[in-house]
$ cat target-v9.cif   # mmCIF, C-alpha atoms and all ligand atoms
data_work
#
loop_
_atom_site.label_atom_id
_atom_site.label_comp_id
_atom_site.auth_asym_id
_atom_site.auth_seq_id
_atom_site.Cartn_x
_atom_site.Cartn_y
_atom_site.Cartn_z
CA MET E 1425 0.00 0.00 0.00
CA ASN E 1426 1.20 3.52 -0.79
CA GLU E 1427 2.84 5.28 2.18
CA LEU E 1428 0.48 8.29 1.85
CA ALA E 1429 -2.55 6.00 2.05
CA ARG E 1430 -1.06 4.30 5.10
CA GLU E 1431 -0.64 7.66 6.85
CA LEU E 1432 -4.27 8.64 6.11
CA ASN E 1433 -5.48 5.27 7.41
CA GLU E 1434 -3.55 5.78 10.62
CA VAL E 1435 -5.48 8.99 11.26
CA LEU E 1436 -8.84 7.43 10.33
CA ASP E 1437 -8.21 4.23 12.30
CA ARG E 1438 -8.66 6.30 15.46
CA THR E 1439 -12.24 7.12 14.36
CA VAL E 1440 -15.55 5.50 13.42
CA VAL E 1441 -14.57 5.83 9.74
CA SER E 1442 -12.18 2.91 10.06
CA SER E 1443 -15.14 0.49 10.39
CA PHE E 1444 -16.39 1.56 6.98
CA LEU E 1445 -13.40 2.04 4.70
CA SER E 1446 -13.59 -0.38 1.77
CA PRO E 1447 -10.38 -2.01 0.51
CA LEU E 1448 -10.36 0.68 -2.21
CA GLY E 1449 -11.04 3.34 0.42
CA ARG E 1450 -8.01 2.09 2.38
CA ARG E 1451 -5.79 2.22 -0.69
CA MET E 1452 -6.95 5.68 -1.77
CA TYR E 1453 -4.85 8.85 -1.35
CA PHE E 1454 -4.20 12.03 -3.28
CA PRO E 1455 -0.77 11.70 -4.89
CA LYS E 1456 1.84 14.41 -4.83
CA GLY E 1457 1.62 14.28 -8.63
CA ILE E 1458 0.89 16.82 -11.33
CA VAL E 1459 -2.21 18.32 -9.71
CA ALA E 1460 -0.63 18.77 -6.26
CA GLN E 1461 2.64 20.06 -7.74
CA SER E 1462 0.82 22.49 -10.00
CA ALA E 1463 -1.29 23.80 -7.09
CA GLU E 1464 1.96 24.39 -5.15
CA ALA E 1465 3.51 26.11 -8.17
CA GLY E 1466 0.38 28.24 -8.55
CA GLU E 1467 1.22 29.79 -5.19
CA LYS E 1468 5.03 29.93 -5.40
CA ALA E 1469 6.21 29.92 -9.06
CA LYS E 1470 6.57 33.66 -9.58
CA ASN E 1471 8.72 33.44 -12.75
CA TYR E 1472 7.47 30.55 -14.89
CA ASN E 1473 4.83 27.92 -14.17
CA ALA E 1474 5.57 24.99 -16.47
CA THR E 1475 3.59 22.39 -14.53
CA VAL E 1476 0.20 21.76 -16.12
CA GLY E 1477 -0.95 20.74 -19.60
CA LEU E 1478 -2.90 23.88 -20.36
CA ALA E 1479 -1.97 26.27 -23.17
CA THR E 1480 -1.70 29.87 -21.97
CA LYS E 1481 -0.80 33.28 -23.34
CA ASN E 1482 -0.35 36.35 -21.15
CA GLY E 1483 -1.49 34.37 -18.13
CA GLU E 1484 -4.87 33.29 -19.57
CA PRO E 1485 -5.87 30.03 -21.28
CA ILE E 1486 -5.75 30.20 -25.09
CA HIS E 1487 -9.35 29.59 -26.09
CA LEU E 1488 -12.04 29.58 -28.76
CA SER E 1489 -13.23 33.17 -29.10
CA ASP E 1490 -16.60 31.88 -30.35
CA ILE E 1491 -17.17 30.47 -26.88
CA TYR E 1492 -15.60 33.25 -24.83
CA ASN E 1493 -17.47 35.99 -26.71
CA ARG E 1494 -20.73 34.61 -25.30
CA PHE E 1495 -19.62 35.76 -21.83
CA GLU E 1496 -19.38 39.27 -20.43
CA LYS E 1497 -15.68 40.11 -20.28
CA ASP E 1498 -15.87 42.18 -17.12
CA VAL E 1499 -17.63 39.32 -15.32
CA PHE E 1500 -15.67 36.26 -16.47
CA ARG E 1501 -12.02 36.14 -17.45
CA PRO E 1502 -10.97 33.31 -19.80
CA ARG E 1503 -9.52 31.46 -16.79
CA ASP E 1504 -12.97 31.39 -15.14
CA ILE E 1505 -14.34 29.46 -18.11
CA PHE E 1506 -11.54 27.45 -19.70
CA ASN E 1507 -9.09 26.71 -16.88
CA TYR E 1508 -9.18 23.57 -14.76
CA ALA E 1509 -10.88 24.18 -11.41
CA PRO E 1510 -8.69 23.73 -8.32
CA GLY E 1511 -8.68 20.13 -7.01
CA GLY E 1512 -11.82 19.75 -4.91
CA GLY E 1513 -13.45 22.76 -6.52
CA ASP E 1514 -13.40 26.54 -6.58
CA LYS E 1515 -12.41 27.65 -3.06
CA ALA E 1516 -14.79 30.63 -3.00
CA LEU E 1517 -17.69 28.44 -4.16
CA ARG E 1518 -16.92 25.79 -1.52
CA ALA E 1519 -16.81 28.45 1.21
CA LEU E 1520 -20.06 30.02 0.04
CA TRP E 1521 -21.80 26.64 -0.25
CA LYS E 1522 -20.79 25.89 3.35
CA GLU E 1523 -22.02 29.30 4.53
CA GLU E 1524 -25.34 28.73 2.74
CA MET E 1525 -25.59 25.23 4.18
CA ILE E 1526 -25.46 26.75 7.67
CA ARG E 1527 -27.95 29.47 6.76
CA LYS E 1528 -30.40 26.87 5.41
CA ASN E 1529 -29.75 24.50 8.35
CA PRO E 1530 -29.44 26.65 11.49
CA THR E 1531 -28.90 23.49 13.56
CA LEU E 1532 -25.45 23.29 11.93
CA LYS E 1533 -24.33 26.56 13.52
CA GLY E 1534 -21.21 26.05 15.62
CA LYS E 1535 -20.90 22.38 14.64
CA SER E 1536 -17.77 20.98 13.11
CA PHE E 1537 -17.90 19.31 9.70
CA SER E 1538 -15.67 19.20 6.64
CA SER E 1539 -15.46 21.81 3.94
CA PRO E 1540 -17.68 20.64 1.03
CA LEU E 1541 -15.76 19.27 -1.96
CA VAL E 1542 -17.11 19.86 -5.45
CA THR E 1543 -18.18 16.72 -7.28
CA SER E 1544 -19.42 16.12 -10.78
CA GLY E 1545 -23.07 16.22 -9.71
CA LEU E 1546 -24.69 14.45 -6.78
CA THR E 1547 -24.53 11.00 -8.37
CA HIS E 1548 -20.75 11.36 -8.38
CA ALA E 1549 -20.79 12.25 -4.65
CA ILE E 1550 -22.90 9.18 -3.78
CA SER E 1551 -20.90 6.97 -6.07
CA MET E 1552 -17.59 8.07 -4.51
CA ALA E 1553 -19.00 7.60 -0.99
CA ALA E 1554 -20.09 4.11 -2.05
CA GLN E 1555 -16.68 3.22 -3.44
CA LEU E 1556 -14.80 4.57 -0.44
CA PHE E 1557 -17.02 3.12 2.28
CA VAL E 1558 -18.94 0.15 0.85
CA SER E 1559 -17.60 -3.05 -0.66
CA ASN E 1560 -18.31 -6.59 -1.67
CA GLY E 1561 -20.89 -8.26 0.63
CA ASP E 1562 -21.61 -5.17 2.78
CA GLU E 1563 -25.23 -4.43 3.58
CA VAL E 1564 -26.81 -1.06 2.82
CA VAL E 1565 -30.11 -0.27 4.51
CA CYS E 1566 -32.48 1.89 2.50
CA PRO E 1567 -36.25 2.54 2.22
CA ASP E 1568 -38.18 0.13 -0.02
CA LEU E 1569 -39.03 3.17 -2.17
CA PHE E 1570 -35.76 4.59 -3.42
CA TRP E 1571 -34.10 6.31 -6.40
CA ASP E 1572 -33.37 3.43 -8.77
CA ASN E 1573 -29.77 4.51 -9.33
CA TYR E 1574 -28.95 3.41 -5.75
CA ASP E 1575 -29.42 -0.15 -6.92
CA LEU E 1576 -26.86 0.27 -9.69
CA ILE E 1577 -24.44 2.09 -7.39
CA PHE E 1578 -24.61 -0.15 -4.33
CA SER E 1579 -25.57 -3.55 -5.79
CA GLU E 1580 -23.48 -3.43 -8.95
CA LEU E 1581 -20.71 -0.86 -8.57
CA THR E 1582 -19.76 -1.88 -5.03
CA ASP E 1583 -21.30 -5.39 -5.00
CA ALA E 1584 -23.14 -4.72 -1.74
CA ARG E 1585 -26.56 -6.01 -0.68
CA MET E 1586 -29.44 -3.56 -0.29
CA ILE E 1587 -31.62 -4.15 2.78
CA PRO E 1588 -34.93 -2.40 2.16
CA PHE E 1589 -37.22 -1.42 5.04
CA THR E 1590 -40.91 -0.54 4.73
CA PHE E 1591 -40.89 3.24 4.30
CA PHE E 1592 -44.43 4.05 5.46
CA LYS E 1593 -46.63 3.11 8.36
CA ASP E 1594 -50.02 4.74 9.01
CA GLY E 1595 -49.27 7.51 6.51
CA GLY E 1596 -45.93 8.48 8.05
CA PHE E 1597 -42.29 7.46 8.27
CA ASN E 1598 -41.74 3.96 9.65
CA THR E 1599 -39.03 4.54 12.23
CA GLU E 1600 -39.55 1.10 13.78
CA ALA E 1601 -38.94 -0.66 10.46
CA LEU E 1602 -35.75 1.33 10.00
CA ARG E 1603 -34.60 0.40 13.50
CA SER E 1604 -35.24 -3.33 12.85
CA ALA E 1605 -33.41 -3.19 9.51
CA LEU E 1606 -30.39 -1.52 11.11
CA LEU E 1607 -30.30 -4.03 13.96
CA SER E 1608 -30.77 -6.97 11.62
CA ALA E 1609 -27.67 -6.07 9.58
CA LYS E 1610 -24.79 -8.44 10.21
CA GLY E 1611 -21.73 -7.32 12.19
CA ASP E 1612 -21.21 -4.29 14.41
CA ALA E 1613 -21.30 -1.66 11.68
CA VAL E 1614 -24.20 -0.77 9.41
CA ARG E 1615 -24.56 1.46 6.36
CA LEU E 1616 -27.69 3.48 5.57
CA ILE E 1617 -28.84 5.87 2.85
CA LEU E 1618 -31.79 8.24 3.27
CA ASN E 1619 -33.11 10.80 0.82
CA PHE E 1620 -35.63 13.54 1.72
CA PRO E 1621 -37.58 14.87 -0.12
CA ASN E 1622 -37.68 11.28 -1.28
CA ASN E 1623 -37.51 10.18 -4.87
CA PRO E 1624 -39.89 8.58 -5.95
CA THR E 1625 -42.55 9.37 -3.32
CA GLY E 1626 -42.01 13.07 -2.62
CA TYR E 1627 -42.11 12.45 1.14
CA THR E 1628 -40.14 14.24 3.86
CA PRO E 1629 -40.72 13.33 7.52
CA SER E 1630 -42.24 15.90 9.86
CA HIS E 1631 -40.03 17.62 12.43
CA GLU E 1632 -41.44 15.27 15.09
CA GLU E 1633 -40.63 12.24 12.96
CA VAL E 1634 -37.08 13.48 12.38
CA LEU E 1635 -36.59 13.86 16.12
CA SER E 1636 -37.69 10.28 16.63
CA ILE E 1637 -35.44 9.02 13.79
CA VAL E 1638 -32.50 10.86 15.37
CA ALA E 1639 -33.27 9.46 18.85
CA MET E 1640 -33.58 5.96 17.38
CA LEU E 1641 -30.23 6.28 15.56
CA LYS E 1642 -28.60 7.39 18.81
CA GLU E 1643 -30.01 4.27 20.50
CA VAL E 1644 -28.86 1.95 17.71
CA ALA E 1645 -25.41 3.59 17.82
CA LYS E 1646 -24.94 2.05 21.28
CA GLU E 1647 -24.89 -1.33 19.57
CA LYS E 1648 -23.64 -0.63 16.08
CA LYS E 1649 -21.53 1.93 14.30
CA ILE E 1650 -23.62 3.67 11.64
CA LEU E 1651 -22.59 5.24 8.35
CA ILE E 1652 -25.41 7.35 6.98
CA ILE E 1653 -25.39 8.92 3.54
CA VAL E 1654 -27.85 11.81 3.47
CA ASP E 1655 -28.99 12.51 -0.10
CA ASP E 1656 -30.36 16.07 -0.17
CA ALA E 1657 -31.06 16.25 -3.92
CA TYR E 1658 -34.41 18.06 -3.56
CA PHE E 1659 -33.59 20.03 -0.43
CA GLY E 1660 -35.73 23.11 0.19
CA LEU E 1661 -38.88 22.07 -1.67
CA PHE E 1662 -41.00 21.55 1.46
CA TYR E 1663 -44.67 22.46 1.04
CA GLU E 1664 -46.27 21.73 4.41
CA LYS E 1665 -45.87 23.54 7.72
CA GLU E 1666 -45.06 20.52 9.87
CA THR E 1667 -42.48 19.09 7.42
CA GLU E 1668 -38.86 19.11 8.60
CA LYS E 1669 -37.02 21.97 6.90
CA GLU E 1670 -33.43 20.98 7.73
CA SER E 1671 -31.18 18.24 6.45
CA LEU E 1672 -30.81 15.12 8.61
CA PHE E 1673 -27.07 15.78 8.35
CA ALA E 1674 -27.49 18.81 10.63
CA TYR E 1675 -28.73 16.53 13.42
CA LEU E 1676 -26.31 13.67 12.81
CA CYS E 1677 -22.95 15.36 12.28
CA ASP E 1678 -22.34 15.68 16.04
CA LEU E 1679 -24.76 13.10 17.42
CA ASP E 1680 -22.56 10.23 18.51
CA GLU E 1681 -18.97 8.97 18.21
CA ASN E 1682 -20.39 5.88 16.51
CA ILE E 1683 -22.15 7.81 13.76
CA PHE E 1684 -20.39 8.90 10.55
CA ALA E 1685 -22.56 11.17 8.36
CA ILE E 1686 -22.01 12.08 4.72
CA LYS E 1687 -24.04 14.82 3.07
CA GLY E 1688 -24.50 14.77 -0.69
CA ASP E 1689 -26.11 17.81 -2.23
CA ALA E 1690 -25.93 19.67 -5.50
CA ALA E 1691 -26.67 22.71 -7.61
CA THR E 1692 -28.55 20.26 -9.87
CA LYS E 1693 -32.02 20.80 -8.40
CA GLU E 1694 -31.33 23.27 -5.58
CA GLU E 1695 -30.01 25.90 -7.97
CA MET E 1696 -31.96 24.72 -11.03
CA ALA E 1697 -28.73 23.88 -12.86
CA TRP E 1698 -29.47 20.30 -13.88
CA GLY E 1699 -26.95 20.03 -16.68
CA PHE E 1700 -24.08 21.84 -14.95
CA ARG E 1701 -22.86 18.76 -13.08
CA VAL E 1702 -21.90 20.59 -9.89
CA GLY E 1703 -22.46 18.68 -6.67
CA PHE E 1704 -20.88 18.58 -3.22
CA ILE E 1705 -19.77 15.99 -0.66
CA THR E 1706 -19.41 16.91 3.03
CA TYR E 1707 -18.37 14.78 6.02
CA GLY E 1708 -19.43 15.03 9.66
CA GLY E 1709 -19.08 12.98 12.84
CA LYS E 1710 -18.82 13.64 16.55
CA GLY E 1711 -15.52 11.81 16.90
CA LEU E 1712 -13.91 13.40 13.84
CA ASP E 1713 -11.30 16.12 14.31
CA GLU E 1714 -9.58 18.38 11.76
CA ALA E 1715 -6.97 15.69 10.98
CA ALA E 1716 -9.74 13.17 10.21
CA TYR E 1717 -11.56 15.66 7.96
CA GLN E 1718 -8.28 16.33 6.16
CA ALA E 1719 -7.70 12.60 5.67
CA LEU E 1720 -11.24 12.15 4.32
CA THR E 1721 -10.75 15.14 2.03
CA ASN E 1722 -7.48 13.72 0.77
CA LYS E 1723 -9.01 10.33 0.00
CA THR E 1724 -11.93 12.01 -1.78
CA LEU E 1725 -9.54 14.16 -3.84
CA GLY E 1726 -7.85 10.92 -4.85
CA MET E 1727 -11.21 9.45 -5.92
CA ILE E 1728 -11.99 12.57 -7.96
CA ARG E 1729 -8.52 12.50 -9.53
CA CYS E 1730 -8.81 8.88 -10.67
CA THR E 1731 -12.41 9.08 -11.89
CA VAL E 1732 -13.18 12.46 -13.50
CA SER E 1733 -9.88 14.21 -12.64
CA ASN E 1734 -11.53 17.63 -12.43
CA CYS E 1735 -15.09 18.95 -12.22
CA ASP E 1736 -16.87 21.39 -14.52
CA ARG E 1737 -15.17 24.83 -14.42
CA PRO E 1738 -17.71 27.04 -16.26
CA GLY E 1739 -20.54 25.60 -14.16
CA GLN E 1740 -18.71 26.47 -10.93
CA SER E 1741 -17.89 30.01 -12.10
CA LEU E 1742 -21.44 30.70 -13.26
CA LEU E 1743 -22.93 29.30 -10.06
CA LEU E 1744 -20.58 31.27 -7.82
CA ASP E 1745 -21.31 34.49 -9.67
CA ALA E 1746 -25.09 33.96 -9.47
CA MET E 1747 -24.95 33.13 -5.74
CA LYS E 1748 -22.66 36.06 -4.95
CA ASN E 1749 -23.72 38.79 -7.35
CA GLY E 1750 -26.93 37.62 -9.00
CA LYS E 1751 -29.58 40.34 -9.19
CA HIS E 1752 -32.42 37.83 -9.54
CA TYR E 1753 -30.98 34.87 -7.63
CA ALA E 1754 -33.32 34.88 -4.62
CA GLU E 1755 -36.29 35.99 -6.70
CA ASP E 1756 -35.84 33.21 -9.31
CA LYS E 1757 -35.51 30.57 -6.62
CA GLU E 1758 -38.62 31.86 -4.90
CA LYS E 1759 -40.45 31.75 -8.26
CA LEU E 1760 -39.52 28.09 -8.73
CA PHE E 1761 -40.63 27.27 -5.19
CA LYS E 1762 -43.99 28.98 -5.69
CA GLU E 1763 -44.51 27.26 -9.04
CA MET E 1764 -43.77 23.81 -7.57
CA ASN E 1765 -45.91 24.58 -4.53
CA LEU E 1766 -48.82 25.57 -6.80
CA ARG E 1767 -48.55 22.31 -8.77
CA TYR E 1768 -48.35 20.38 -5.52
CA ASP E 1769 -51.51 22.03 -4.19
CA ILE E 1770 -53.44 21.39 -7.41
CA LEU E 1771 -52.33 17.75 -7.55
CA LYS E 1772 -53.11 17.11 -3.89
CA LYS E 1773 -56.61 18.53 -4.35
CA GLU E 1774 -57.21 16.64 -7.59
CA LEU E 1775 -56.19 13.31 -6.06
CA GLU E 1776 -58.87 13.78 -3.39
CA ASN E 1777 -61.44 13.12 -6.13
CA TYR E 1778 -60.05 9.61 -6.57
CA LYS E 1779 -59.49 8.70 -2.95
CA ASP E 1780 -61.88 5.74 -3.11
CA SER E 1781 -60.11 4.13 -6.06
CA SER E 1782 -59.10 0.53 -5.49
CA LEU E 1783 -56.65 0.57 -8.42
CA LEU E 1784 -54.05 3.13 -7.43
CA LYS E 1785 -53.07 4.32 -3.97
CA PRO E 1786 -50.98 7.50 -3.69
CA TYR E 1787 -48.12 7.25 -1.21
CA PRO E 1788 -47.90 10.15 1.28
CA PHE E 1789 -46.19 13.17 -0.28
CA ASN E 1790 -45.47 16.71 0.88
CA SER E 1791 -42.27 17.88 -0.86
CA GLY E 1792 -39.94 17.72 -3.85
CA TYR E 1793 -40.77 17.10 -7.50
CA PHE E 1794 -42.69 13.82 -7.44
CA MET E 1795 -45.60 11.79 -6.18
CA ALA E 1796 -45.96 8.04 -6.58
CA PHE E 1797 -48.74 5.45 -6.58
CA ASP E 1798 -48.72 1.96 -5.17
CA THR E 1799 -50.21 -0.03 -8.07
CA LEU E 1800 -51.66 -2.55 -5.58
CA SER E 1801 -50.33 -5.77 -7.15
CA ASN E 1802 -51.03 -4.62 -10.69
CA SER E 1803 -48.14 -3.98 -13.07
CA ALA E 1804 -46.84 -0.40 -12.98
CA GLU E 1805 -44.93 -1.14 -16.18
CA GLU E 1806 -48.16 -2.21 -17.91
CA LEU E 1807 -49.77 1.08 -16.90
CA ARG E 1808 -46.75 3.07 -18.08
CA CYS E 1809 -46.74 1.45 -21.53
CA TYR E 1810 -50.52 1.73 -21.93
CA LEU E 1811 -50.55 5.42 -21.01
CA LEU E 1812 -47.70 6.13 -23.35
CA ASP E 1813 -49.10 4.21 -26.32
CA LYS E 1814 -52.79 5.07 -25.98
CA TYR E 1815 -52.75 8.57 -24.44
CA GLY E 1816 -49.25 9.89 -25.18
CA VAL E 1817 -48.56 10.31 -21.45
CA GLY E 1818 -45.07 9.58 -20.14
CA ALA E 1819 -44.44 8.59 -16.51
CA VAL E 1820 -42.12 6.18 -14.74
CA SER E 1821 -42.65 2.66 -13.41
CA ILE E 1822 -40.29 1.46 -10.71
CA PHE E 1823 -39.69 -2.24 -10.06
CA ASP E 1824 -43.13 -2.81 -11.65
CA LYS E 1825 -45.01 -1.86 -8.47
CA THR E 1826 -44.60 1.89 -8.14
CA PHE E 1827 -45.89 4.44 -10.65
CA ARG E 1828 -44.21 7.86 -10.40
CA LEU E 1829 -45.47 11.19 -11.68
CA ALA E 1830 -42.93 14.01 -12.00
CA TYR E 1831 -45.46 16.83 -11.61
CA CYS E 1832 -42.53 19.29 -11.62
CA SER E 1833 -42.58 19.08 -15.39
CA VAL E 1834 -46.34 19.36 -15.98
CA GLU E 1835 -47.97 22.79 -16.31
CA PRO E 1836 -50.46 23.56 -13.51
CA GLU E 1837 -53.47 23.72 -15.87
CA LYS E 1838 -52.65 20.25 -17.25
CA ILE E 1839 -52.44 18.44 -13.92
CA LYS E 1840 -56.19 17.76 -13.65
CA ASP E 1841 -56.19 16.10 -17.07
CA LEU E 1842 -53.03 14.14 -16.29
CA VAL E 1843 -54.56 12.66 -13.14
CA ALA E 1844 -57.81 11.87 -14.99
CA LEU E 1845 -55.89 10.02 -17.71
CA VAL E 1846 -53.86 8.01 -15.20
CA TYR E 1847 -57.00 6.77 -13.42
CA LYS E 1848 -58.85 6.26 -16.70
CA ALA E 1849 -56.02 4.10 -18.05
CA ALA E 1850 -55.81 2.12 -14.80
CA GLY E 1851 -59.58 1.56 -15.00
CA GLU E 1852 -59.38 0.38 -18.64
CA LEU E 1853 -56.60 -2.04 -17.77
CA TRP E 1854 -57.64 -3.43 -14.43
CA SER E 1855 -61.36 -3.15 -13.75
C1 LIG C 1 -32.64 11.12 -5.08
C2 LIG C 1 -31.64 11.61 -6.05
N1 LIG C 1 -30.35 11.63 -5.70
C3 LIG C 1 -29.40 12.04 -6.54
C4 LIG C 1 -29.70 12.47 -7.80
C5 LIG C 1 -28.58 12.83 -8.73
O1 LIG C 1 -28.42 14.16 -9.00
P1 LIG C 1 -27.33 14.63 -10.07
O2 LIG C 1 -28.08 14.90 -11.33
O3 LIG C 1 -26.74 15.87 -9.45
O4 LIG C 1 -26.31 13.58 -10.23
C6 LIG C 1 -31.03 12.46 -8.23
C7 LIG C 1 -31.36 12.88 -9.61
O5 LIG C 1 -32.34 12.58 -10.19
C8 LIG C 1 -32.02 12.02 -7.33
O6 LIG C 1 -33.31 11.96 -7.69
#

$ encode --input "target-v9.cif" --output "structure tokens"
Amino acid sequence: MNELARELNEVLDRTVVSSFLSPLGRRMYFPKGIVAQSAEAGEKAKNYNATVGLATKNGEPIHLSDIYNRFEKDVFRPRDIFNYAPGGGDKALRALWKEEMIRKNPTLKGKSFSSPLVTSGLTHAISMAAQLFVSNGDEVVCPDLFWDNYDLIFSELTDARMIPFTFFKDGGFNTEALRSALLSAKGDAVRLILNFPNNPTGYTPSHEEVLSIVAMLKEVAKEKKILIIVDDAYFGLFYEKETEKESLFAYLCDLDENIFAIKGDAATKEEMAWGFRVGFITYGGKGLDEAAYQALTNKTLGMIRCTVSNCDRPGQSLLLDAMKNGKHYAEDKEKLFKEMNLRYDILKKELENYKDSSLLKPYPFNSGYFMAFDTLSNSAEELRCYLLDKYGVGAVSIFDKTFRLAYCSVEPEKIKDLVALVYKAAGELWS
């Protein structure tokens, strides 16, 4: 094993992280190679910097003027668009994202957690967390209604076994089922992924429910070390008063020495920049000190280096500028929230008209972009194909038993018709 990796492991072996490092995670380190040497030269090479493979003239990247001319010159220099971003992301963006994280999650105030690292979208953050901390034969607890990409990431990429628990009980979050799943996992360490607002159901627990989840995790942590990946893809889109408005990470990052929390979030949905591919990964744990956060950062930089090498530069520059200087930033985000809230209200009301249906049962939903139906033993895939072929309506079937509507992409005045067609098609197929 490389000496640098060994040194990082020595630091992490004093913490809860050591129970979770995969063999790859143990081997990983950020080499003192081209990227590290060029970052050092960037600070000290006052005469010539001949480190990195990037063509420059007069200190700026040589570039296609057809691209650069699309930007305002007094806002973005060529280096803001064409250069590589610093390893781990633009420092100013990382600092601002952290500041915003605390503003949006006041419970984080005064707590210690790592500086967010920029990833190539949220999938990349989850995928790196999986590769660093999950491996062959490990068990990953997750709700029985989950984003289908988790299956590919955990079951295939890391060869782990997903342990689903029943998400809902009596119209709310099933804390007891989660507890049993965690306790049933083999060994003295268990891995968990939770995502609120949830994809596919659009559910976020209430504040009361979150408090009981947190208390339960603290109890379980007496028996087992817990790694929890908190997927905050749809953070902020909470439409009901009682719904929890903070990330679970805010409650878990200092909860117990036996709990290691990883927050994945992104500009993707939060900043309406789906195609930018700018995400973040942040670490937190009660027993983790600055040296441990540095070691985790170093291993993550190594993962970035050997997978995508560097994350999207123009996306980071544009995002930073909008967050820092944007004239319409807050207003545009508020507009999106109101639009989604309006669609949510219309859909909720419309579904009331079908509450006695024995064909489709909506799962509880209160947040995010989606709602989903339990197809009650009928084939969700059959409904999807029928709707598409006969009525030209596209929706998603998941594992053939869940039917998901992304109402975020349907105009408010069309929602009534969409719901009518879904129930009509289900009636034509199954009654
Ligand atoms: C629950 C959940 N997590 C993560 C992601 C991935 O986001 P990104 O596009 O930033 O990779 C998505 C995207 O659909 C999602 O629904």

$ closest_residue --input "target-v9.cif" --among "E:Ser1551, E:Asn1682, E:Thr1543, E:Thr1692" --to "ligand LIG 1 (chain C)" --atoms "only C-alpha atoms and all ligand atoms"
E:Thr1692

$ closest_residue --input "target-v9.cif" --among "E:Pro1530, E:Gly1709, E:Gly1816, E:Gly1688" --to "ligand LIG 1 (chain C)" --atoms "all atoms listed in the file"
E:Gly1688

$ residues_near_ligand --input "target-v9.cif" --ligand "ligand LIG 1 (chain C)" --cutoff "9 Å" --atoms "only C-alpha atoms and all ligand atoms" --output "number ranges by chain"
E: 1543-1550, 1570-1574, 1618-1624, 1655-1658, 1688-1693, 1697-1704

$ residues_around --input "target-v9.cif" --residues "Ser1803 (chain E)" --least-positions-apart "4" --cutoff "12 Å" --atoms "all atoms listed in the file" --output "PyMOL selection string"
chain E and resi 1783-1784+1797-1799+1807-1810+1820-1827+1850+1853-1854

$ closest_residue --input "target-v9.cif" --among "E:Tyr1768, E:Ala1715, E:Tyr1675, E:Ala1830" --to "Asn1529 (chain E)" --atoms "all atoms listed in the file"
E:Tyr1675

$ residues_around --input "target-v9.cif" --residues "region 1595-1603 of chain E" --least-positions-apart "4" --cutoff "12 Å" --atoms "only C-alpha atoms" --output "ChimeraX atom specification"
/E:1564-1569,1587-1591,1607-1609,1614-1618,1620,1622,1625,1627-1645,1647-1648,1650,1667,1785-1790

$ closest_residue --input "target-v9.cif" --among "E:Val1441, E:Leu1532, E:Val1499, E:Leu1661" --to "Asn1749 (chain E)" --atoms "only C-alpha atoms"
E:Val1499

$ atom_distance --input "target-v9.cif" --atom1 "CA of Glu1523 (chain E)" --atom2 "CA of Ala1509 (chain E)"
20.1 Å

$ closest_residue --input "target-v9.cif" --among "E:Arg1494, E:His1487, E:Lys1522, E:Arg1430" --to "Gly1449 (chain E)" --atoms "only C-alpha atoms"
E:Arg1430
